[in-house]
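The file coords.tsv comes next; it holds TSV, C-alpha atoms.
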```tsv
chain	number	residue	atom	x	y	z
O	1	MET	CA	52.53	84.63	-115.91
O	2	LYS	CA	50.18	86.47	-113.55
O	3	ARG	CA	47.57	83.74	-114.00
O	4	ILE	CA	50.13	81.04	-113.11
O	5	LEU	CA	51.23	82.97	-110.03
O	6	LEU	CA	47.61	83.43	-108.96
O	7	ALA	CA	46.95	79.71	-109.37
O	8	VAL	CA	49.96	78.83	-107.24
O	9	MET	CA	48.82	81.27	-104.56
O	10	LEU	CA	45.32	79.79	-104.51
O	11	VAL	CA	46.68	76.25	-104.16
O	12	SER	CA	48.96	77.36	-101.35
O	13	PHE	CA	46.08	79.12	-99.60
O	14	ALA	CA	43.86	76.04	-99.88
O	15	ALA	CA	46.58	73.81	-98.44
O	16	GLY	CA	47.15	76.22	-95.59
O	17	SER	CA	43.43	76.47	-94.88
O	18	ALA	CA	43.19	72.69	-94.52
O	19	ARG	CA	45.63	72.92	-91.61
O	20	ALA	CA	44.48	76.30	-90.24
O	21	CYS	CA	43.15	74.63	-87.09
O	22	GLY	CA	44.94	72.95	-84.23
O	23	GLU	CA	45.70	73.95	-80.66
O	24	ALA	CA	44.99	77.64	-81.15
O	25	ALA	CA	41.79	77.34	-83.19
O	26	PRO	CA	39.27	74.47	-83.32
O	27	CYS	CA	38.84	72.16	-86.29
O	28	GLN	CA	35.23	72.10	-87.46
O	29	VAL	CA	33.24	69.02	-88.47
O	30	GLU	CA	29.53	68.79	-89.21
O	31	LEU	CA	28.48	67.84	-85.67
O	32	GLY	CA	30.93	69.93	-83.66
O	33	GLN	CA	34.60	70.69	-83.24
O	34	TYR	CA	37.87	69.46	-81.78
O	35	MET	CA	41.34	70.81	-81.07
O	36	ILE	CA	44.65	69.09	-81.67
O	37	SER	CA	48.27	69.48	-80.67
O	38	MET	CA	50.90	67.81	-82.86
O	39	PRO	CA	54.37	66.83	-81.61
O	40	ASP	CA	57.56	68.15	-83.14
O	41	GLY	CA	58.78	66.04	-86.04
O	42	ALA	CA	55.42	64.73	-87.19
O	43	ALA	CA	55.31	64.57	-90.98
O	44	ALA	CA	53.71	62.62	-93.78
O	45	GLU	CA	56.66	60.20	-93.78
O	46	HIS	CA	56.55	59.91	-89.99
O	47	ALA	CA	52.93	59.54	-88.92
O	48	VAL	CA	52.48	59.51	-85.16
O	49	GLY	CA	50.04	57.96	-82.74
O	50	ALA	CA	47.36	60.00	-80.98
O	51	ILE	CA	45.68	60.21	-77.61
O	52	VAL	CA	42.04	61.29	-77.85
O	53	PHE	CA	41.20	62.87	-74.50
O	54	PHE	CA	37.59	63.58	-73.48
O	55	HIS	CA	37.19	66.45	-71.02
O	56	GLY	CA	35.02	66.26	-67.91
O	57	PHE	CA	31.70	67.97	-67.19
O	58	ARG	CA	31.76	71.77	-67.67
O	59	SER	CA	35.22	71.64	-69.23
O	60	SER	CA	36.15	72.04	-72.90
O	61	ALA	CA	38.65	71.19	-75.61
O	62	GLU	CA	40.29	74.56	-75.10
O	63	GLU	CA	40.87	73.80	-71.43
O	64	MET	CA	42.48	70.48	-72.41
O	65	MET	CA	44.84	72.38	-74.70
O	66	ASN	CA	45.76	74.46	-71.64
O	67	PHE	CA	46.26	71.36	-69.46
O	68	LYS	CA	50.04	71.72	-69.55
O	69	SER	CA	51.00	68.37	-68.03
O	70	LEU	CA	48.73	66.57	-70.50
O	71	LYS	CA	50.22	68.40	-73.48
O	72	ASP	CA	53.73	67.88	-72.14
O	73	LEU	CA	53.25	64.12	-71.84
O	74	ALA	CA	51.95	63.92	-75.42
O	75	GLU	CA	55.00	65.83	-76.63
O	76	ALA	CA	57.30	63.60	-74.57
O	77	LEU	CA	55.69	60.48	-76.05
O	78	GLY	CA	55.82	61.98	-79.53
O	79	VAL	CA	52.08	61.61	-80.09
O	80	ALA	CA	49.25	63.94	-81.03
O	81	LEU	CA	46.75	65.10	-78.44
O	82	ILE	CA	43.20	65.33	-79.79
O	83	ALA	CA	40.59	67.04	-77.61
O	84	PRO	CA	37.00	66.73	-78.87
O	85	ASP	CA	34.64	69.43	-77.64
O	86	GLY	CA	31.54	68.30	-75.76
O	87	LEU	CA	28.36	70.09	-76.80
O	88	ASN	CA	27.50	72.64	-74.09
O	89	ARG	CA	30.50	71.37	-72.09
O	90	SER	CA	29.02	67.90	-71.62
O	91	TRP	CA	28.59	64.58	-73.42
O	92	SER	CA	25.58	62.65	-74.72
O	93	PHE	CA	26.70	59.06	-74.24
O	94	PRO	CA	24.04	56.36	-73.70
O	95	ASN	CA	21.89	56.97	-70.58
O	96	ALA	CA	23.57	60.31	-69.85
O	97	PRO	CA	21.52	63.21	-68.42
O	98	ARG	CA	21.94	65.05	-71.72
O	99	GLN	CA	21.09	63.68	-75.15
O	100	ASN	CA	22.05	66.55	-77.45
O	101	ARG	CA	24.12	64.79	-80.09
O	102	ASP	CA	25.00	61.41	-81.55
O	103	GLU	CA	28.50	61.20	-80.06
O	104	MET	CA	29.48	58.09	-82.00
O	105	ALA	CA	28.71	59.84	-85.29
O	106	PHE	CA	30.54	62.93	-84.04
O	107	MET	CA	33.62	60.93	-83.11
O	108	ASN	CA	33.71	59.20	-86.48
O	109	GLN	CA	33.73	62.67	-88.05
O	110	VAL	CA	36.48	63.86	-85.71
O	111	LEU	CA	38.70	60.88	-86.44
O	112	ASP	CA	38.11	61.04	-90.18
O	113	ASP	CA	38.90	64.75	-90.23
O	114	ALA	CA	42.02	64.49	-88.06
O	115	LEU	CA	43.41	61.61	-90.11
O	116	ALA	CA	42.81	63.55	-93.32
O	117	LYS	CA	44.46	66.76	-92.10
O	118	PHE	CA	47.32	65.57	-89.91
O	119	PRO	CA	50.04	62.86	-90.16
O	120	ILE	CA	48.46	60.44	-87.67
O	121	ASP	CA	48.77	56.66	-87.73
O	122	PRO	CA	45.18	55.27	-87.63
O	123	ALA	CA	46.45	52.05	-86.05
O	124	LYS	CA	47.83	53.91	-83.02
O	125	LEU	CA	44.87	55.68	-81.46
O	126	MET	CA	44.09	55.58	-77.74
O	127	SER	CA	41.03	57.09	-76.07
O	128	SER	CA	41.17	58.52	-72.58
O	129	GLY	CA	39.15	60.94	-70.51
O	130	PHE	CA	38.20	62.09	-67.05
O	131	SER	CA	34.86	61.69	-65.22
O	132	ILE	CA	32.11	61.72	-67.85
O	133	GLY	CA	35.02	61.94	-70.29
O	134	GLY	CA	36.10	58.61	-68.80
O	135	SER	CA	32.61	57.32	-69.51
O	136	MET	CA	33.05	58.44	-73.11
O	137	SER	CA	36.27	56.43	-73.30
O	138	TRP	CA	34.43	53.29	-72.17
O	139	TYR	CA	31.74	53.88	-74.81
O	140	MET	CA	34.48	54.24	-77.42
O	141	ALA	CA	35.70	50.80	-76.35
O	142	CYS	CA	32.19	49.44	-76.78
O	143	TYR	CA	30.88	51.12	-79.92
O	144	LEU	CA	33.94	52.37	-81.81
O	145	GLY	CA	36.41	49.69	-80.78
O	146	GLU	CA	37.49	49.09	-84.37
O	147	ARG	CA	38.94	52.60	-84.51
O	148	PHE	CA	41.02	52.49	-81.33
O	149	ALA	CA	43.96	50.36	-80.27
O	150	GLY	CA	43.14	50.87	-76.59
O	151	HIS	CA	41.62	53.00	-73.88
O	152	THR	CA	42.59	54.63	-70.58
O	153	PRO	CA	39.40	55.89	-68.91
O	154	ILE	CA	39.79	57.73	-65.59
O	155	ALA	CA	37.10	58.05	-62.89
O	156	GLY	CA	34.15	57.33	-65.18
O	157	THR	CA	32.44	54.20	-66.52
O	158	PHE	CA	29.29	53.06	-68.33
O	159	TRP	CA	26.02	54.40	-66.98
O	160	ARG	CA	23.12	52.05	-66.23
O	161	PRO	CA	21.49	50.29	-67.89
O	162	TYR	CA	24.68	48.84	-69.29
O	163	PRO	CA	25.00	48.04	-73.01
O	164	ALA	CA	23.31	44.77	-73.94
O	165	GLU	CA	26.37	44.02	-76.04
O	166	CYS	CA	29.37	45.74	-77.56
O	167	PRO	CA	29.84	45.12	-81.28
O	168	GLY	CA	33.55	45.91	-81.31
O	169	PRO	CA	36.50	43.59	-80.62
O	170	ASP	CA	37.71	42.78	-77.12
O	171	PRO	CA	39.54	45.95	-76.09
O	172	PHE	CA	42.68	46.84	-74.21
O	173	VAL	CA	41.51	48.97	-71.28
O	174	SER	CA	43.53	50.44	-68.41
O	175	HIS	CA	41.06	52.05	-66.01
O	176	VAL	CA	42.13	54.28	-63.08
O	177	HIS	CA	39.80	55.20	-60.20
O	178	GLY	CA	40.03	56.62	-56.68
O	179	THR	CA	38.68	54.63	-53.74
O	180	ALA	CA	37.61	57.90	-52.05
O	181	ASP	CA	35.83	59.24	-55.15
O	182	THR	CA	32.43	60.63	-54.13
O	183	THR	CA	31.60	62.32	-57.46
O	184	PHE	CA	31.71	59.04	-59.38
O	185	PRO	CA	31.99	56.40	-56.63
O	186	LEU	CA	33.36	52.96	-57.39
O	187	ALA	CA	29.93	51.54	-56.59
O	188	GLY	CA	28.23	54.12	-58.83
O	189	ARG	CA	25.35	56.32	-57.70
O	190	THR	CA	21.92	57.60	-58.67
O	191	ILE	CA	21.54	61.27	-59.59
O	192	ARG	CA	18.17	62.98	-59.01
O	193	GLU	CA	16.49	59.56	-59.12
O	194	LYS	CA	16.77	59.66	-62.91
O	195	TRP	CA	20.29	58.79	-63.97
O	196	HIS	CA	22.52	56.02	-62.73
O	197	GLN	CA	26.31	55.90	-62.79
O	198	GLY	CA	27.55	52.36	-63.21
O	199	ALA	CA	29.66	50.41	-60.74
O	200	THR	CA	33.28	50.15	-61.83
O	201	GLY	CA	33.51	46.46	-60.92
O	202	ASP	CA	30.46	45.67	-63.07
O	203	VAL	CA	31.91	47.47	-66.08
O	204	VAL	CA	35.31	45.78	-65.75
O	205	ALA	CA	33.60	42.39	-65.45
O	206	PHE	CA	31.48	43.19	-68.53
O	207	PHE	CA	34.51	42.78	-70.79
O	208	ARG	CA	36.46	40.31	-68.68
O	209	LYS	CA	33.65	37.78	-68.65
O	210	ARG	CA	32.26	38.40	-72.11
O	211	GLY	CA	31.52	35.15	-73.90
O	212	GLY	CA	31.34	33.21	-70.65
O	213	TYR	CA	35.08	33.51	-70.11
O	214	THR	CA	36.60	33.14	-66.63
O	215	PRO	CA	39.94	34.96	-66.74
O	216	GLU	CA	42.97	34.57	-64.54
O	217	VAL	CA	43.51	37.83	-62.67
O	218	THR	CA	47.00	39.11	-61.83
O	219	HIS	CA	47.46	41.49	-58.88
O	220	TYR	CA	50.34	43.98	-58.50
O	221	SER	CA	51.26	47.51	-57.43
O	222	ASP	CA	52.62	50.31	-59.60
O	223	GLY	CA	53.68	53.39	-57.65
O	224	ASN	CA	50.62	54.69	-55.84
O	225	LEU	CA	48.32	52.42	-57.85
O	226	VAL	CA	47.06	49.00	-56.74
O	227	CYS	CA	46.18	47.10	-59.88
O	228	GLU	CA	44.72	43.92	-61.26
O	229	ALA	CA	44.72	42.82	-64.88
O	230	SER	CA	43.36	39.93	-66.86
O	231	PRO	CA	43.15	38.83	-70.49
O	232	THR	CA	39.82	38.61	-72.27
O	233	LYS	CA	38.52	35.70	-74.31
O	234	ASN	CA	39.34	37.18	-77.70
O	235	GLY	CA	42.71	38.84	-77.31
O	236	GLY	CA	42.00	41.92	-75.21
O	237	GLU	CA	43.08	42.90	-71.71
O	238	VAL	CA	41.31	44.77	-68.92
O	239	GLU	CA	43.27	46.44	-66.14
O	240	LEU	CA	41.80	48.17	-63.09
O	241	CYS	CA	44.08	50.40	-61.02
O	242	LEU	CA	42.96	52.05	-57.79
O	243	HIS	CA	44.47	54.89	-55.78
O	244	ASP	CA	43.41	56.15	-52.36
O	245	GLY	CA	42.43	59.63	-53.59
O	246	GLY	CA	39.18	61.21	-54.69
O	247	HIS	CA	37.80	62.40	-58.03
O	248	SER	CA	41.00	63.40	-59.78
O	249	VAL	CA	43.09	62.97	-62.91
O	250	ARG	CA	46.84	62.93	-63.40
O	251	ALA	CA	48.60	63.14	-66.73
O	252	GLU	CA	50.99	60.41	-65.55
O	253	TRP	CA	48.09	57.93	-65.57
O	254	VAL	CA	47.38	58.74	-69.21
O	255	LYS	CA	51.07	58.34	-70.02
O	256	ARG	CA	51.17	55.02	-68.18
O	257	GLY	CA	48.13	53.85	-70.15
O	258	TRP	CA	49.82	54.68	-73.44
O	259	GLN	CA	53.01	52.88	-72.43
O	260	ARG	CA	51.10	49.78	-71.35
O	261	LEU	CA	49.10	49.84	-74.57
O	262	ALA	CA	52.30	50.12	-76.62
O	263	ALA	CA	53.77	47.11	-74.80
O	264	PHE	CA	50.54	45.14	-75.25
O	265	ARG	CA	50.36	45.89	-78.99
O	266	GLY	CA	54.08	45.34	-79.53
O	267	TRP	CA	54.74	48.81	-80.86
O	268	LYS	CA	58.32	49.92	-81.11
O	269	VAL	CA	58.29	52.95	-78.85
O	270	THR	CA	61.15	55.39	-79.33
O	271	SER	CA	62.01	58.70	-77.72
O	272	THR	CA	59.60	60.29	-80.19
O	273	GLY	CA	56.77	57.95	-79.27
O	274	GLY	CA	57.15	55.42	-82.08
```

I need this file expressed as structure tokens, please.
Amino acid sequence: MKRILLAVMLVSFAAGSARACGEAAPCQVELGQYMISMPDGAAAEHAVGAIVFFHGFRSSAEEMMNFKSLKDLAEALGVALIAPDGLNRSWSFPNAPRQNRDEMAFMNQVLDDALAKFPIDPAKLMSSGFSIGGSMSWYMACYLGERFAGHTPIAGTFWRPYPAECPGPDPFVSHVHGTADTTFPLAGRTIREKWHQGATGDVVAFFRKRGGYTPEVTHYSDGNLVCEASPTKNGGEVELCLHDGGHSVRAEWVKRGWQRLAAFRGWKVTSTGG
């Protein structure tokens, strides 16, 4: 009887250990760590979507877990919030000043681990991020497009030289940028004569015109955003929304990106996020 009880306790401990990480403690993978906040009601029989949010330079996953408006919007949408942790508070995307880690391999590990440990729908993943975290979101669209349903990068794009090609499918992208941004200007900039931020218009055109396609562009306003959107040749959509502010991020832009993605993909969005 004691042996049976001990076995049950060990199984229970192992199951608990698998979920011993989240928003209070990081989840570890081989190449790094991430933190995650799950909405109320998520369960194996009710898998939820997830927003993967990449922090900016000198920030961290822990700070994203303390970004109250971001966590609140995820809870309101009924989705998980996944915050990968940049190595040394930065990212090593292509042509970045730091090249400390293979971020694509790291993100595959993060997604695999999160999907194994938490009730997340792998078909409902959106990447987002701010500044160089926004750049990371664009590189997700390029190199890990098969794993994401869409992307909402904010105030960050590809760095030059741009990718020669992106192997993934045409993405859904809703990009937000400030016209008065001097940290990551719309036209891009050179840093210390070594590294080169890309121009937002070039990066948007990269996907819009892929395959020699000339899209029809629709112009409209949405609150304080002035936007334009167009389809891509192979079933994607690229939206660019500008505001008159500087280098900033608002949770409402991430929420808007998720809602537009849901409408684009035809997801049934409920009060718990679908």

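In this model, the gap between atom CA of Phe207 of chain O and atom CA of Thr232 of chain O comes to 6.9 Å.
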
List as a short mmCIF file (atom, residue, chain, number, x, y, z; two decimals) with C-alpha atoms, in the coordinates of the input the residues having at least one atom at most 12 Å from position (40.6, 47.9, -66.1) as given in the file, counting only C-alpha atoms.
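part_11.cif was written with the following content:
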```
data_model
loop_
_atom_site.label_atom_id
_atom_site.label_comp_id
_atom_site.auth_asym_id
_atom_site.auth_seq_id
_atom_site.Cartn_x
_atom_site.Cartn_y
_atom_site.Cartn_z
CA GLY O 134 36.10 58.61 -68.80
CA SER O 137 36.27 56.43 -73.30
CA TRP O 138 34.43 53.29 -72.17
CA ALA O 141 35.70 50.80 -76.35
CA GLY O 150 43.14 50.87 -76.59
CA HIS O 151 41.62 53.00 -73.88
CA THR O 152 42.59 54.63 -70.58
CA PRO O 153 39.40 55.89 -68.91
CA ILE O 154 39.79 57.73 -65.59
CA ALA O 155 37.10 58.05 -62.89
CA GLY O 156 34.15 57.33 -65.18
CA THR O 157 32.44 54.20 -66.52
CA PRO O 171 39.54 45.95 -76.09
CA PHE O 172 42.68 46.84 -74.21
CA VAL O 173 41.51 48.97 -71.28
CA SER O 174 43.53 50.44 -68.41
CA HIS O 175 41.06 52.05 -66.01
CA VAL O 176 42.13 54.28 -63.08
CA HIS O 177 39.80 55.20 -60.20
CA THR O 200 33.28 50.15 -61.83
CA GLY O 201 33.51 46.46 -60.92
CA ASP O 202 30.46 45.67 -63.07
CA VAL O 203 31.91 47.47 -66.08
CA VAL O 204 35.31 45.78 -65.75
CA ALA O 205 33.60 42.39 -65.45
CA PHE O 206 31.48 43.19 -68.53
CA PHE O 207 34.51 42.78 -70.79
CA ARG O 208 36.46 40.31 -68.68
CA VAL O 217 43.51 37.83 -62.67
CA THR O 218 47.00 39.11 -61.83
CA HIS O 219 47.46 41.49 -58.88
CA VAL O 226 47.06 49.00 -56.74
CA CYS O 227 46.18 47.10 -59.88
CA GLU O 228 44.72 43.92 -61.26
CA ALA O 229 44.72 42.82 -64.88
CA SER O 230 43.36 39.93 -66.86
CA PRO O 231 43.15 38.83 -70.49
CA THR O 232 39.82 38.61 -72.27
CA GLY O 236 42.00 41.92 -75.21
CA GLU O 237 43.08 42.90 -71.71
CA VAL O 238 41.31 44.77 -68.92
CA GLU O 239 43.27 46.44 -66.14
CA LEU O 240 41.80 48.17 -63.09
CA CYS O 241 44.08 50.40 -61.02
CA LEU O 242 42.96 52.05 -57.79
CA GLY O 257 48.13 53.85 -70.15
CA ARG O 260 51.10 49.78 -71.35
#
```

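Between atom CA of Leu73 of chain O and atom CA of Gly32 of chain O lies a distance of 25.9 Å.
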
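Distance-wise, atom CA of Pro94 of chain O and atom CA of Ile51 of chain O end up 22.3 Å apart.
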
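In this comparison, which uses all atoms listed in the file, the residue of O:Ile191, O:Ala149, O:Leu186, O:Leu87 approaching Gly235 of chain O most closely is O:Ala149.
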
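Closest to Gly168 of chain O among O:Glu146, O:Glu216, O:Asp121, O:Glu252 is O:Glu146, based on all atoms listed in the file.
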
Nearest to Glu23 of chain O, restricted to all atoms listed in the file and choosing among O:Tyr162, O:Trp195, O:Phe67, O:Phe130, comes out as O:Phe67

Saving segment 69-106 of chain O with N, CA and C atoms, as a PDB file, in the first residue's frame, what would that file be?
```
ATOM      1  N   SER O  69      -1.070  46.262 -18.915  1.00  0.00           N
ATOM      2  CA  SER O  69      -2.046  46.424 -19.996  1.00  0.00           C
ATOM      3  C   SER O  69      -1.908  45.318 -21.037  1.00  0.00           C
ATOM      4  N   LEU O  70      -0.688  44.816 -21.218  1.00  0.00           N
ATOM      5  CA  LEU O  70      -0.483  43.717 -22.162  1.00  0.00           C
ATOM      6  C   LEU O  70      -1.083  42.429 -21.621  1.00  0.00           C
ATOM      7  N   LYS O  71      -0.852  42.148 -20.347  1.00  0.00           N
ATOM      8  CA  LYS O  71      -1.439  40.965 -19.729  1.00  0.00           C
ATOM      9  C   LYS O  71      -2.957  41.057 -19.671  1.00  0.00           C
ATOM     10  N   ASP O  72      -3.463  42.253 -19.391  1.00  0.00           N
ATOM     11  CA  ASP O  72      -4.915  42.436 -19.311  1.00  0.00           C
ATOM     12  C   ASP O  72      -5.579  42.179 -20.657  1.00  0.00           C
ATOM     13  N   LEU O  73      -4.936  42.631 -21.736  1.00  0.00           N
ATOM     14  CA  LEU O  73      -5.561  42.433 -23.055  1.00  0.00           C
ATOM     15  C   LEU O  73      -5.565  40.955 -23.420  1.00  0.00           C
ATOM     16  N   ALA O  74      -4.502  40.228 -23.051  1.00  0.00           N
ATOM     17  CA  ALA O  74      -4.475  38.792 -23.327  1.00  0.00           C
ATOM     18  C   ALA O  74      -5.587  38.083 -22.567  1.00  0.00           C
ATOM     19  N   GLU O  75      -5.781  38.463 -21.309  1.00  0.00           N
ATOM     20  CA  GLU O  75      -6.851  37.879 -20.507  1.00  0.00           C
ATOM     21  C   GLU O  75      -8.208  38.221 -21.108  1.00  0.00           C
ATOM     22  N   ALA O  76      -8.382  39.467 -21.549  1.00  0.00           N
ATOM     23  CA  ALA O  76      -9.658  39.887 -22.136  1.00  0.00           C
ATOM     24  C   ALA O  76      -9.952  39.140 -23.429  1.00  0.00           C
ATOM     25  N   LEU O  77      -8.906  38.849 -24.200  1.00  0.00           N
ATOM     26  CA  LEU O  77      -9.084  38.100 -25.449  1.00  0.00           C
ATOM     27  C   LEU O  77      -9.199  36.604 -25.200  1.00  0.00           C
ATOM     28  N   GLY O  78      -8.834  36.173 -23.996  1.00  0.00           N
ATOM     29  CA  GLY O  78      -8.863  34.751 -23.687  1.00  0.00           C
ATOM     30  C   GLY O  78      -7.733  33.985 -24.327  1.00  0.00           C
ATOM     31  N   VAL O  79      -6.561  34.634 -24.462  1.00  0.00           N
ATOM     32  CA  VAL O  79      -5.413  33.982 -25.090  1.00  0.00           C
ATOM     33  C   VAL O  79      -4.238  33.971 -24.128  1.00  0.00           C
ATOM     34  N   ALA O  80      -3.280  33.105 -24.400  1.00  0.00           N
ATOM     35  CA  ALA O  80      -2.050  33.064 -23.624  1.00  0.00           C
ATOM     36  C   ALA O  80      -1.132  34.194 -24.063  1.00  0.00           C
ATOM     37  N   LEU O  81      -0.298  34.643 -23.154  1.00  0.00           N
ATOM     38  CA  LEU O  81       0.757  35.607 -23.468  1.00  0.00           C
ATOM     39  C   LEU O  81       2.088  34.912 -23.210  1.00  0.00           C
ATOM     40  N   ILE O  82       2.869  34.738 -24.269  1.00  0.00           N
ATOM     41  CA  ILE O  82       4.175  34.096 -24.176  1.00  0.00           C
ATOM     42  C   ILE O  82       5.241  35.159 -24.375  1.00  0.00           C
ATOM     43  N   ALA O  83       6.166  35.256 -23.430  1.00  0.00           N
ATOM     44  CA  ALA O  83       7.237  36.258 -23.496  1.00  0.00           C
ATOM     45  C   ALA O  83       8.589  35.554 -23.515  1.00  0.00           C
ATOM     46  N   PRO O  84       9.182  35.358 -24.688  1.00  0.00           N
ATOM     47  CA  PRO O  84      10.528  34.796 -24.742  1.00  0.00           C
ATOM     48  C   PRO O  84      11.531  35.779 -24.129  1.00  0.00           C
ATOM     49  N   ASP O  85      12.612  35.262 -23.601  1.00  0.00           N
ATOM     50  CA  ASP O  85      13.626  36.093 -22.963  1.00  0.00           C
ATOM     51  C   ASP O  85      14.829  36.248 -23.895  1.00  0.00           C
ATOM     52  N   GLY O  86      15.116  37.485 -24.295  1.00  0.00           N
ATOM     53  CA  GLY O  86      16.296  37.725 -25.106  1.00  0.00           C
ATOM     54  C   GLY O  86      17.565  37.487 -24.299  1.00  0.00           C
ATOM     55  N   LEU O  87      18.570  36.917 -24.935  1.00  0.00           N
ATOM     56  CA  LEU O  87      19.833  36.660 -24.250  1.00  0.00           C
ATOM     57  C   LEU O  87      20.530  37.989 -23.982  1.00  0.00           C
ATOM     58  N   ASN O  88      20.877  38.228 -22.706  1.00  0.00           N
ATOM     59  CA  ASN O  88      21.491  39.496 -22.301  1.00  0.00           C
ATOM     60  C   ASN O  88      20.619  40.690 -22.682  1.00  0.00           C
ATOM     61  N   ARG O  89      19.299  40.497 -22.578  1.00  0.00           N
ATOM     62  CA  ARG O  89      18.304  41.547 -22.804  1.00  0.00           C
ATOM     63  C   ARG O  89      18.311  42.100 -24.236  1.00  0.00           C
ATOM     64  N   SER O  90      18.711  41.277 -25.183  1.00  0.00           N
ATOM     65  CA  SER O  90      18.701  41.693 -26.585  1.00  0.00           C
ATOM     66  C   SER O  90      18.395  40.487 -27.456  1.00  0.00           C
ATOM     67  N   TRP O  91      18.403  40.691 -28.773  1.00  0.00           N
ATOM     68  CA  TRP O  91      18.076  39.628 -29.718  1.00  0.00           C
ATOM     69  C   TRP O  91      19.163  39.512 -30.779  1.00  0.00           C
ATOM     70  N   SER O  92      19.302  38.317 -31.332  1.00  0.00           N
ATOM     71  CA  SER O  92      20.337  38.042 -32.327  1.00  0.00           C
ATOM     72  C   SER O  92      19.730  37.686 -33.674  1.00  0.00           C
ATOM     73  N   PHE O  93      18.816  38.529 -34.134  1.00  0.00           N
ATOM     74  CA  PHE O  93      18.216  38.314 -35.453  1.00  0.00           C
ATOM     75  C   PHE O  93      19.254  38.615 -36.534  1.00  0.00           C
ATOM     76  N   PRO O  94      19.002  38.257 -37.798  1.00  0.00           N
ATOM     77  CA  PRO O  94      19.976  38.516 -38.854  1.00  0.00           C
ATOM     78  C   PRO O  94      20.388  39.985 -38.937  1.00  0.00           C
ATOM     79  N   ASN O  95      21.704  40.226 -39.010  1.00  0.00           N
ATOM     80  CA  ASN O  95      22.294  41.561 -39.167  1.00  0.00           C
ATOM     81  C   ASN O  95      22.137  42.451 -37.941  1.00  0.00           C
ATOM     82  N   ALA O  96      21.797  41.862 -36.798  1.00  0.00           N
ATOM     83  CA  ALA O  96      21.698  42.619 -35.554  1.00  0.00           C
ATOM     84  C   ALA O  96      23.101  42.877 -34.988  1.00  0.00           C
ATOM     85  N   PRO O  97      23.254  43.902 -34.138  1.00  0.00           N
ATOM     86  CA  PRO O  97      24.555  44.148 -33.519  1.00  0.00           C
ATOM     87  C   PRO O  97      25.087  42.979 -32.709  1.00  0.00           C
ATOM     88  N   ARG O  98      24.184  42.170 -32.153  1.00  0.00           N
ATOM     89  CA  ARG O  98      24.608  41.018 -31.360  1.00  0.00           C
ATOM     90  C   ARG O  98      24.235  39.721 -32.067  1.00  0.00           C
ATOM     91  N   GLN O  99      25.162  38.777 -32.048  1.00  0.00           N
ATOM     92  CA  GLN O  99      24.921  37.460 -32.629  1.00  0.00           C
ATOM     93  C   GLN O  99      25.299  36.407 -31.585  1.00  0.00           C
ATOM     94  N   ASN O 100      24.488  36.299 -30.552  1.00  0.00           N
ATOM     95  CA  ASN O 100      24.794  35.430 -29.422  1.00  0.00           C
ATOM     96  C   ASN O 100      24.056  34.100 -29.432  1.00  0.00           C
ATOM     97  N   ARG O 101      23.043  33.984 -30.311  1.00  0.00           N
ATOM     98  CA  ARG O 101      22.225  32.774 -30.257  1.00  0.00           C
ATOM     99  C   ARG O 101      21.473  32.619 -31.574  1.00  0.00           C
ATOM    100  N   ASP O 102      21.181  31.396 -31.940  1.00  0.00           N
ATOM    101  CA  ASP O 102      20.333  31.118 -33.097  1.00  0.00           C
ATOM    102  C   ASP O 102      18.888  31.296 -32.639  1.00  0.00           C
ATOM    103  N   GLU O 103      18.304  32.459 -32.905  1.00  0.00           N
ATOM    104  CA  GLU O 103      16.971  32.765 -32.397  1.00  0.00           C
ATOM    105  C   GLU O 103      15.885  31.916 -33.037  1.00  0.00           C
ATOM    106  N   MET O 104      16.076  31.492 -34.270  1.00  0.00           N
ATOM    107  CA  MET O 104      15.065  30.655 -34.907  1.00  0.00           C
ATOM    108  C   MET O 104      15.017  29.278 -34.231  1.00  0.00           C
ATOM    109  N   ALA O 105      16.190  28.738 -33.909  1.00  0.00           N
ATOM    110  CA  ALA O 105      16.229  27.467 -33.185  1.00  0.00           C
ATOM    111  C   ALA O 105      15.639  27.642 -31.789  1.00  0.00           C
ATOM    112  N   PHE O 106      15.976  28.748 -31.137  1.00  0.00           N
ATOM    113  CA  PHE O 106      15.432  29.039 -29.809  1.00  0.00           C
ATOM    114  C   PHE O 106      13.919  29.115 -29.847  1.00  0.00           C
TER     115      PHE O 106
END
```
